[in-house]
file model-v4.txt (compact mmCIF, C-alpha atoms)
# COMPACT_ATOMS: atom_id res chain seq x y z
CA MET A 4 109.93 204.39 122.75
CA THR A 5 111.78 201.13 123.40
CA ALA A 6 109.82 198.54 125.32
CA PRO A 7 111.44 197.28 128.55
CA PRO A 8 112.92 193.75 128.46
CA PRO A 9 110.60 190.96 129.59
CA PRO A 10 111.08 189.42 133.03
CA ALA A 11 113.83 186.81 133.11
CA SER A 12 111.28 184.03 133.50
CA LEU A 13 109.57 185.12 130.28
CA ALA A 14 112.63 186.05 128.22
CA PRO A 15 113.21 183.79 125.21
CA SER A 16 116.01 181.30 125.56
CA PRO A 17 118.68 181.02 122.83
CA ALA A 18 116.92 177.84 121.68
CA ASP A 19 113.80 179.86 120.92
CA THR A 20 115.74 182.34 118.76
CA ILE A 21 116.96 179.67 116.30
CA LEU A 22 114.95 179.94 113.10
CA TRP A 23 113.08 176.81 112.01
CA THR A 24 111.18 176.54 108.75
CA ASP A 25 109.45 173.42 110.06
CA PRO A 26 107.80 173.93 113.51
CA GLN A 27 107.33 170.19 113.93
CA ARG A 28 111.06 169.60 113.43
CA ALA A 29 111.77 172.27 116.02
CA GLU A 30 109.64 170.41 118.55
CA VAL A 31 111.34 167.09 117.74
CA PHE A 32 114.71 168.77 118.22
CA ARG A 33 113.78 170.24 121.62
CA ALA A 34 112.42 166.91 122.81
CA TRP A 35 115.57 165.04 121.71
CA LEU A 36 117.90 167.59 123.30
CA ALA A 37 115.95 167.56 126.57
CA GLY A 38 115.98 163.75 126.57
CA ILE A 39 119.76 163.43 126.29
CA ALA A 40 120.57 166.47 128.45
CA PRO A 41 120.87 164.69 131.83
CA ALA A 42 123.18 161.94 130.60
CA GLN A 43 125.32 164.36 128.53
CA GLY A 44 125.35 167.19 131.07
CA LEU A 45 123.76 169.62 128.60
CA LEU A 46 122.04 172.91 129.36
CA PRO A 47 119.32 173.00 126.66
CA ASP A 48 118.40 176.65 127.28
CA THR A 49 121.87 177.72 126.09
CA VAL A 50 121.71 176.24 122.60
CA ARG A 51 122.51 178.77 119.86
CA LEU A 52 123.57 178.81 116.23
CA ALA A 53 127.27 178.10 115.73
CA SER A 54 127.51 177.97 111.93
CA ALA A 55 125.92 176.82 108.69
CA ASP A 56 127.61 175.53 105.56
CA ALA A 57 126.95 175.23 101.84
CA SER A 58 124.71 172.22 102.39
CA PHE A 59 121.47 171.96 104.35
CA ARG A 60 123.35 171.21 107.58
CA ARG A 61 123.42 173.62 110.51
CA TYR A 62 125.52 173.50 113.67
CA PHE A 63 124.50 174.66 117.13
CA ARG A 64 126.62 175.14 120.24
CA VAL A 65 125.27 174.19 123.67
CA ASP A 66 126.80 174.66 127.12
CA THR A 67 127.40 171.80 129.54
CA THR A 68 127.93 171.31 133.25
CA ASP A 69 131.37 169.74 132.62
CA PRO A 70 134.28 172.17 133.16
CA ALA A 71 136.54 169.90 131.10
CA ALA A 72 134.18 170.13 128.11
CA PRO A 73 132.15 173.31 128.64
CA THR A 74 130.42 173.17 125.24
CA ARG A 75 129.19 170.60 122.74
CA ILE A 76 128.15 170.87 119.10
CA VAL A 77 124.80 169.76 117.71
CA MET A 78 124.46 168.99 114.00
CA ASP A 79 121.06 169.56 112.42
CA ALA A 80 121.01 167.51 109.20
CA PRO A 81 117.47 166.95 107.86
CA PRO A 82 117.46 163.31 106.71
CA ASP A 83 115.45 164.07 103.57
CA LYS A 84 118.24 166.41 102.45
CA GLU A 85 121.41 165.14 104.16
CA ASN A 86 122.60 161.60 104.82
CA SER A 87 124.55 161.58 108.09
CA ASP A 88 125.82 158.01 107.72
CA PRO A 89 128.98 159.07 105.81
CA PHE A 90 129.77 161.69 108.46
CA VAL A 91 129.59 159.10 111.24
CA GLN A 92 131.63 156.59 109.23
CA VAL A 93 134.40 159.03 108.27
CA ALA A 94 134.59 160.51 111.79
CA ARG A 95 135.30 156.99 113.04
CA LEU A 96 137.88 156.36 110.28
CA MET A 97 139.69 159.59 111.09
CA THR A 98 139.81 158.84 114.80
CA GLU A 99 141.16 155.36 114.06
CA ALA A 100 143.82 156.98 111.84
CA GLY A 101 144.97 159.17 114.74
CA VAL A 102 143.44 162.33 113.27
CA ARG A 103 141.52 164.67 115.57
CA ALA A 104 137.89 164.64 114.44
CA PRO A 105 134.61 165.17 116.29
CA THR A 106 133.40 162.25 118.40
CA VAL A 107 129.75 161.36 117.85
CA LEU A 108 128.29 161.34 121.39
CA ASP A 109 124.67 160.77 120.43
CA TRP A 110 122.83 160.28 117.13
CA ASP A 111 119.11 160.56 116.50
CA ARG A 112 119.41 158.82 113.15
CA PRO A 113 115.72 158.98 112.05
CA ASN A 114 115.59 162.75 112.59
CA GLY A 115 119.15 163.73 111.67
CA PHE A 116 120.38 165.22 114.94
CA LEU A 117 123.92 164.50 116.18
CA LEU A 118 125.69 165.54 119.37
CA LEU A 119 129.43 166.06 118.88
CA ASP A 120 132.33 167.18 120.98
CA ASP A 121 133.44 170.76 120.30
CA LEU A 122 136.79 171.26 118.54
CA GLY A 123 136.79 174.99 119.24
CA ARG A 124 135.82 178.25 117.60
CA GLN A 125 139.00 179.13 115.71
CA THR A 126 139.80 177.72 112.31
CA MET A 127 143.21 177.71 110.73
CA LEU A 128 141.86 180.34 108.32
CA ASP A 129 140.99 182.60 111.26
CA VAL A 130 144.57 182.77 112.52
CA ILE A 131 146.47 182.86 109.23
CA ASP A 132 148.02 186.16 108.21
CA PRO A 133 148.07 186.14 104.38
CA ALA A 134 150.76 188.82 104.41
CA ARG A 135 153.15 186.66 106.44
CA PRO A 136 153.56 183.21 104.86
CA GLU A 137 156.57 182.39 107.04
CA ALA A 138 154.44 182.77 110.17
CA SER A 139 151.88 180.38 108.70
CA ARG A 140 154.33 177.58 107.96
CA PRO A 141 153.96 175.84 111.37
CA LEU A 142 150.20 175.64 110.81
CA TYR A 143 150.71 174.09 107.40
CA ASP A 144 153.19 171.63 108.90
CA ARG A 145 150.43 170.53 111.32
CA ALA A 146 148.01 170.24 108.40
CA ILE A 147 150.48 168.05 106.52
CA GLU A 148 150.91 165.87 109.59
CA ALA A 149 147.15 165.28 109.82
CA LEU A 150 146.85 164.67 106.08
CA VAL A 151 149.63 162.08 106.02
CA LYS A 152 148.05 160.20 108.96
CA TRP A 153 144.70 160.18 107.15
CA GLN A 154 146.23 158.91 103.92
CA GLN A 155 148.32 156.26 105.65
CA ALA A 156 145.12 154.65 106.97
CA SER A 157 143.76 154.19 103.43
CA LYS A 158 142.18 150.92 102.37
CA PRO A 159 140.32 150.15 99.14
CA GLY A 160 136.66 149.27 99.30
CA VAL A 161 135.90 151.34 102.42
CA LEU A 162 134.95 154.72 100.92
CA PRO A 163 133.20 155.42 97.60
CA PRO A 164 135.60 155.44 94.64
CA TYR A 165 136.60 158.73 93.07
CA ASP A 166 136.14 157.15 89.66
CA ARG A 167 135.68 158.37 86.10
CA ALA A 168 131.93 158.83 86.53
CA LEU A 169 132.37 161.09 89.56
CA LEU A 170 135.17 163.09 87.93
CA GLU A 171 133.02 163.67 84.86
CA ARG A 172 129.95 164.65 86.91
CA GLU A 173 132.02 167.20 88.81
CA LEU A 174 133.43 168.76 85.64
CA ALA A 175 129.95 168.95 84.10
CA LEU A 176 128.97 171.46 86.81
CA PHE A 177 131.16 174.12 85.19
CA PRO A 178 129.53 174.32 81.75
CA GLU A 179 126.02 173.82 83.13
CA TRP A 180 126.01 176.20 86.08
CA TYR A 181 128.90 178.62 85.61
CA ILE A 182 128.95 179.12 81.84
CA GLY A 183 125.37 178.36 80.90
CA ARG A 184 123.33 179.63 83.85
CA HIS A 185 125.61 182.19 85.50
CA ARG A 186 127.28 183.69 82.43
CA GLY A 187 124.32 183.02 80.14
CA ILE A 188 126.50 181.61 77.34
CA ALA A 189 125.32 178.66 75.28
CA VAL A 190 127.71 175.71 75.57
CA GLU A 191 127.80 174.63 71.96
CA GLY A 192 129.98 174.55 68.87
CA LYS A 193 133.67 175.32 69.27
CA LEU A 194 133.32 176.19 72.94
CA LYS A 195 131.75 172.83 73.74
CA GLU A 196 134.34 170.95 71.70
CA ARG A 197 137.22 172.70 73.48
CA LEU A 198 135.74 171.94 76.88
CA GLU A 199 135.16 168.27 76.06
CA ARG A 200 138.71 167.87 74.76
CA SER A 201 140.19 169.53 77.86
CA PHE A 202 137.95 167.63 80.28
CA LYS A 203 139.02 164.32 78.77
CA LEU A 204 142.69 165.17 79.35
CA ILE A 205 142.02 166.29 82.93
CA VAL A 206 140.10 163.12 83.81
CA GLU A 207 142.77 160.85 82.30
CA SER A 208 145.50 162.68 84.20
CA ASN A 209 143.67 162.38 87.50
CA LEU A 210 142.79 158.71 87.04
CA ALA A 211 146.50 157.99 86.58
CA SER A 212 147.28 159.01 90.18
CA PRO A 213 147.39 156.29 92.88
CA SER A 214 144.44 156.23 95.26
CA VAL A 215 144.22 157.00 99.00
CA TYR A 216 141.55 158.38 101.31
CA VAL A 217 140.52 161.83 100.06
CA HIS A 218 138.88 164.39 102.36
CA ARG A 219 137.74 166.53 99.36
CA ASP A 220 137.65 169.84 101.26
CA PHE A 221 140.95 169.77 103.13
CA MET A 222 141.53 173.49 103.54
CA PRO A 223 142.17 175.99 106.37
CA ARG A 224 138.49 176.77 106.82
CA ASN A 225 137.87 173.14 107.82
CA LEU A 226 140.90 172.74 110.10
CA MET A 227 140.37 173.72 113.73
CA VAL A 228 143.19 175.26 115.72
CA GLY A 229 141.58 174.90 119.15
CA ASN A 230 143.44 176.37 122.11
CA ASN A 231 146.92 175.19 121.19
CA GLY A 232 147.75 177.56 118.34
CA ALA A 233 150.25 176.42 115.75
CA SER A 234 151.84 173.94 118.14
CA GLY A 235 148.78 171.78 118.73
CA GLU A 236 147.12 169.05 116.73
CA LEU A 237 144.63 170.41 114.24
CA GLY A 238 141.05 169.18 114.29
CA VAL A 239 139.41 168.23 111.00
CA LEU A 240 135.81 169.02 109.98
CA ASP A 241 133.53 168.77 106.92
CA PHE A 242 134.77 165.36 105.84
CA GLN A 243 131.45 163.66 105.05
CA ASP A 244 132.11 163.65 101.28
CA ALA A 245 135.35 161.65 101.62
CA VAL A 246 136.19 159.20 98.85
CA TYR A 247 138.98 156.85 97.76
CA GLY A 248 140.84 158.62 95.00
CA PRO A 249 143.91 160.55 93.76
CA VAL A 250 146.68 161.12 96.30
CA THR A 251 147.12 164.58 94.76
CA TYR A 252 143.68 165.93 95.66
CA ASP A 253 143.94 167.06 99.29
CA ILE A 254 147.29 168.82 98.93
CA ALA A 255 145.87 170.63 95.89
CA SER A 256 142.85 171.62 97.99
CA LEU A 257 145.03 172.80 100.87
CA MET A 258 147.26 175.05 98.78
CA ARG A 259 144.70 176.33 96.26
CA ASP A 260 142.08 177.36 98.76
CA ALA A 261 138.58 178.67 98.13
CA PHE A 262 139.09 181.62 100.47
CA LEU A 263 142.84 182.27 100.50
CA SER A 264 145.54 182.56 97.83
CA TRP A 265 149.32 182.25 98.28
CA ASP A 266 152.23 183.19 96.04
CA GLU A 267 153.59 180.34 93.95
CA GLU A 268 156.81 180.24 96.00
CA PHE A 269 154.93 179.42 99.21
CA VAL A 270 152.66 176.93 97.43
CA LEU A 271 155.73 175.12 96.12
CA ASP A 272 157.42 175.17 99.52
CA ILE A 273 154.48 173.58 101.34
CA THR A 274 153.83 171.11 98.53
CA ILE A 275 157.46 169.98 98.69
CA ARG A 276 157.14 169.59 102.45
CA TYR A 277 154.06 167.42 101.97
CA TRP A 278 155.74 165.38 99.20
CA THR A 279 158.79 164.78 101.42
CA ALA A 280 156.62 163.70 104.38
CA ALA A 281 154.48 161.50 102.13
CA ARG A 282 157.49 159.71 100.67
CA LYS A 283 158.90 159.15 104.15
CA ALA A 284 155.54 157.69 105.21
CA GLY A 285 155.49 155.32 102.25
CA LEU A 286 152.57 156.98 100.49
CA PRO A 287 152.24 156.44 96.72
CA VAL A 288 153.51 159.80 95.49
CA ASP A 289 155.70 160.03 92.38
CA GLU A 290 159.42 159.84 93.12
CA ASP A 291 160.00 162.76 90.77
CA PHE A 292 158.67 165.99 92.29
CA GLY A 293 158.20 167.64 88.90
CA ALA A 294 155.88 164.86 87.78
CA PHE A 295 154.08 164.94 91.14
CA TYR A 296 153.59 168.70 91.01
CA ARG A 297 152.16 168.50 87.50
CA ALA A 298 149.66 165.90 88.74
CA VAL A 299 148.75 168.16 91.69
CA GLU A 300 148.12 171.07 89.34
CA TRP A 301 145.88 169.01 87.08
CA MET A 302 144.02 167.66 90.08
CA GLY A 303 143.61 171.20 91.33
CA LEU A 304 142.20 172.15 87.94
CA GLN A 305 139.49 169.53 88.38
CA ARG A 306 138.61 171.01 91.76
CA HIS A 307 138.59 174.62 90.54
CA LEU A 308 136.22 173.86 87.67
CA LYS A 309 133.93 171.89 89.99
CA VAL A 310 133.87 174.57 92.69
CA ALA A 311 133.17 177.39 90.22
CA GLY A 312 130.14 175.39 89.08
CA ILE A 313 129.05 174.65 92.65
CA PHE A 314 129.38 178.29 93.73
CA ALA A 315 127.20 179.36 90.78
CA ARG A 316 124.66 176.67 91.70
CA LEU A 317 124.60 177.77 95.34
CA THR A 318 123.72 181.26 94.19
CA LEU A 319 121.21 180.48 91.46
CA ARG A 320 119.49 177.43 92.91
CA ASP A 321 120.01 177.61 96.67
CA GLY A 322 119.94 181.37 97.29
CA LYS A 323 123.43 181.55 98.84
CA PRO A 324 125.13 184.36 96.87
CA ARG A 325 128.10 184.89 99.17
CA TYR A 326 129.97 181.96 97.63
CA LEU A 327 129.96 183.42 94.13
CA ALA A 328 132.08 186.32 95.38
CA ASP A 329 135.03 183.92 95.60
CA THR A 330 134.62 182.59 92.05
CA PRO A 331 137.20 185.03 90.55
CA ARG A 332 139.82 183.29 92.70
CA PHE A 333 139.00 179.99 91.02
CA ILE A 334 138.94 181.48 87.54
CA ALA A 335 142.41 182.85 88.26
CA TYR A 336 143.57 179.38 89.39
CA ILE A 337 142.16 177.83 86.20
CA ARG A 338 143.81 180.40 83.93
CA ALA A 339 147.17 180.11 85.71
CA THR A 340 147.27 176.32 85.36
CA ALA A 341 145.86 176.19 81.83
CA SER A 342 148.46 178.71 80.68
CA ARG A 343 151.33 176.44 81.80
CA TYR A 344 150.48 173.43 79.66
CA ASN A 345 150.15 173.42 75.86
CA GLU A 346 147.53 170.66 76.02
CA LEU A 347 145.25 172.99 77.99
CA THR A 348 145.34 175.88 75.52
CA PRO A 349 141.74 175.08 74.41
CA LEU A 350 140.56 175.45 78.01
CA LEU A 351 142.42 178.74 78.38
CA ARG A 352 140.69 180.05 75.26
CA VAL A 353 137.30 179.07 76.69
CA ILE A 354 138.01 180.94 79.93
CA ASP A 355 139.22 184.02 78.07
CA GLU A 356 136.13 183.95 75.88
CA ILE A 357 133.59 183.68 78.70
CA GLU A 358 135.44 186.07 81.03
CA GLY A 359 136.45 188.62 78.40
CA THR A 360 140.11 188.38 79.40
CA SER A 361 143.27 188.33 77.33
CA ALA A 362 145.35 185.22 76.84
CA ILE A 363 148.24 184.86 79.27
CA THR A 364 151.67 185.13 77.66
CA GLY A 365 154.71 183.36 79.01
CA PHE A 366 156.10 179.88 79.32
CA ALA A 367 153.96 176.87 78.57
CA TYR A 368 154.93 173.26 79.07
CA GLY A 369 154.02 170.04 77.37
CA ARG A 370 153.78 166.70 79.13
CA VAL A 371 156.44 165.99 81.70
call {"tool": "encode", "arguments": {"input": "model-v4.txt", "output": "structure tokens"}}
result
Amino acid sequence: MTAPPPPASLAPSPADTILWTDPQRAEVFRAWLAGIAPAQGLLPDTVRLASADASFRRYFRVDTTDPAAPTRIVMDAPPDKENSDPFVQVARLMTEAGVRAPTVLDWDRPNGFLLLDDLGRQTMLDVIDPARPEASRPLYDRAIEALVKWQQASKPGVLPPYDRALLERELALFPEWYIGRHRGIAVEGKLKERLERSFKLIVESNLASPSVYVHRDFMPRNLMVGNNGASGELGVLDFQDAVYGPVTYDIASLMRDAFLSWDEEFVLDITIRYWTAARKAGLPVDEDFGAFYRAVEWMGLQRHLKVAGIFARLTLRDGKPRYLADTPRFIAYIRATASRYNELTPLLRVIDEIEGTSAITGFAYGRV
């Protein structure tokens, strides 16, 4: 027999249904939220989970008394696991660049709680129809517009450099976590030599690209549509890992997504549109599109190898297995790019060996 619901006065509020592993942190959170509620027009009893990401951050949504801004977002970022300083810095940089990013309304820095304005519930990924690329083009045009604004604001010495050390650390995730721990294959002998040779080429190619501000996860899942559909300005989220690095990175991230794949024709179309807009804006992209596209592909290869390693680590170390389900998409990206360039044949052989796949036949290209 089902028990009757408790009286309204005794029913748990949404805030009480949020799971906390640390009861003391839960109390600190409730006290902070109650303290800022009057000034911010918040209704603390309405707080509920909005989303969580691959890190230790969580996001809550809370109602307000303001009809013009009926909800706000609260970020829960434990300071012993997440440094919120970069988030606050990059949010300010994006706003200054004319890009729509969350405004930090209040920040309990010692405890890692931030109150942000709410950019909406719908992401660009939510409204894209993968079967209709033509219908998605206006959204990608808006994404290009935001990306160009962000890159135009670039200045050296403001964000951490995307340098050789960082590139090499990212690539090292693939042999350690994907090959060694996920696939259970020892990274030694010929396999190790092939990887090292390929990684050296990838790093050198990426270091040759001019530097701008790099979001590092500029993809439809992190672009908010809001209430304006394809015609409105997109909001940008998940930018706290931004760096100063290759101009090719964010367009590679946008068109070779972790959760969505397009045909090569559409990828080329949008990349050309970005390249044209970037040249018009005076950004440091190569004047020859063929050379630029090659650099984008090699930058994308860096990202795919890194993400495959990260997704394996999220599963094996952090207990988040849902990400590993998207790894085949990245292996497909790696194989497709490696098959197009003779210099990357050793990498293609490594992938075929660890995945048990056959070598791709077709055209391969040397250096452009």
call {"tool": "residues_around", "arguments": {"input": "model-v4.txt", "residues": "segment 73-90 of chain A", "least_positions_apart": "2", "cutoff": "6 Å", "atoms": "all atoms listed in the file", "output": "NGL selection string"}}
result
:A and (60-67 or 69-70 or 92-94 or 115-121 or 243)
call {"tool": "residues_around", "arguments": {"input": "model-v4.txt", "residues": "Ile275 of chain A", "least_positions_apart": "6", "cutoff": "10 Å", "atoms": "all atoms listed in the file", "output": "ChimeraX atom specification"}}
result
/A:269,281,292,295-296
call {"tool": "atom_distance", "arguments": {"input": "model-v4.txt", "atom1": "atom CA of Arg186 of chain A", "atom2": "atom CA of Asp321 of chain A"}}
result
17.1 Å
call {"tool": "residues_around", "arguments": {"input": "model-v4.txt", "residues": "Glu196 of chain A", "least_positions_apart": "4", "cutoff": "12 Å", "atoms": "all atoms listed in the file", "output": "PDB file with C-alpha atoms, keeping the file's coordinate frame"}}
result
ATOM      1  CA  PRO A 178     129.530 174.320  81.750  1.00  0.00           C
ATOM      2  CA  VAL A 190     127.710 175.710  75.570  1.00  0.00           C
ATOM      3  CA  GLU A 191     127.800 174.630  71.960  1.00  0.00           C
ATOM      4  CA  GLY A 192     129.980 174.550  68.870  1.00  0.00           C
ATOM      5  CA  ARG A 200     138.710 167.870  74.760  1.00  0.00           C
ATOM      6  CA  SER A 201     140.190 169.530  77.860  1.00  0.00           C
ATOM      7  CA  PHE A 202     137.950 167.630  80.280  1.00  0.00           C
ATOM      8  CA  LYS A 203     139.020 164.320  78.770  1.00  0.00           C
ATOM      9  CA  PRO A 349     141.740 175.080  74.410  1.00  0.00           C
ATOM     10  CA  LEU A 350     140.560 175.450  78.010  1.00  0.00           C
ATOM     11  CA  ARG A 352     140.690 180.050  75.260  1.00  0.00           C
ATOM     12  CA  VAL A 353     137.300 179.070  76.690  1.00  0.00           C
TER      13      VAL A 353
END
call {"tool": "atom_distance", "arguments": {"input": "model-v4.txt", "atom1": "atom CA of Arg184 of chain A", "atom2": "atom CA of Gly312 of chain A"}}
result
9.6 Å
call {"tool": "residues_around", "arguments": {"input": "model-v4.txt", "residues": "Leu36 of chain A", "least_positions_apart": "4", "cutoff": "7 Å", "atoms": "all atoms listed in the file", "output": "JSON, numbers by chain"}}
result
{"A": [32, 40, 47]}
call {"tool": "write_last_selection", "arguments": {"input": "model-v4.txt", "atoms": "C-alpha atoms", "output": "short mmCIF file (atom, residue, chain, number, x, y, z; two decimals), keeping the file's coordinate frame"}}
result
data_model
loop_
_atom_site.label_atom_id
_atom_site.label_comp_id
_atom_site.auth_asym_id
_atom_site.auth_seq_id
_atom_site.Cartn_x
_atom_site.Cartn_y
_atom_site.Cartn_z
CA PHE A 32 114.71 168.77 118.22
CA ALA A 40 120.57 166.47 128.45
CA PRO A 47 119.32 173.00 126.66
#
call {"tool": "closest_atom_pairs", "arguments": {"input": "model-v4.txt", "of": "segment 75-175 of chain A", "to": "segment 246-251 of chain A", "cutoff": "10 Å", "atoms": "only C-alpha atoms", "output": "JSON lines"}}
result
{"residue": "A:Val93", "atom": "CA", "partner": "A:Val246", "partner_atom": "CA", "distance": 9.6}
{"residue": "A:Gln154", "atom": "CA", "partner": "A:Val250", "partner_atom": "CA", "distance": 7.9}
{"residue": "A:Ser157", "atom": "CA", "partner": "A:Tyr247", "partner_atom": "CA", "distance": 7.9}
{"residue": "A:Lys158", "atom": "CA", "partner": "A:Tyr247", "partner_atom": "CA", "distance": 8.2}
{"residue": "A:Pro159", "atom": "CA", "partner": "A:Tyr247", "partner_atom": "CA", "distance": 7.0}
{"residue": "A:Gly160", "atom": "CA", "partner": "A:Tyr247", "partner_atom": "CA", "distance": 8.1}
{"residue": "A:Val161", "atom": "CA", "partner": "A:Tyr247", "partner_atom": "CA", "distance": 7.8}
{"residue": "A:Leu162", "atom": "CA", "partner": "A:Val246", "partner_atom": "CA", "distance": 5.1}
{"residue": "A:Pro163", "atom": "CA", "partner": "A:Val246", "partner_atom": "CA", "distance": 5.0}
{"residue": "A:Pro164", "atom": "CA", "partner": "A:Tyr247", "partner_atom": "CA", "distance": 4.8}
{"residue": "A:Tyr165", "atom": "CA", "partner": "A:Gly248", "partner_atom": "CA", "distance": 4.7}
{"residue": "A:Asp166", "atom": "CA", "partner": "A:Gly248", "partner_atom": "CA", "distance": 7.3}
call {"tool": "closest_residue", "arguments": {"input": "model-v4.txt", "among": "A:Gln43, A:Ser139, A:Ser54, A:Thr68", "to": "Ile273 of chain A", "atoms": "all atoms listed in the file"}}
result
A:Ser139
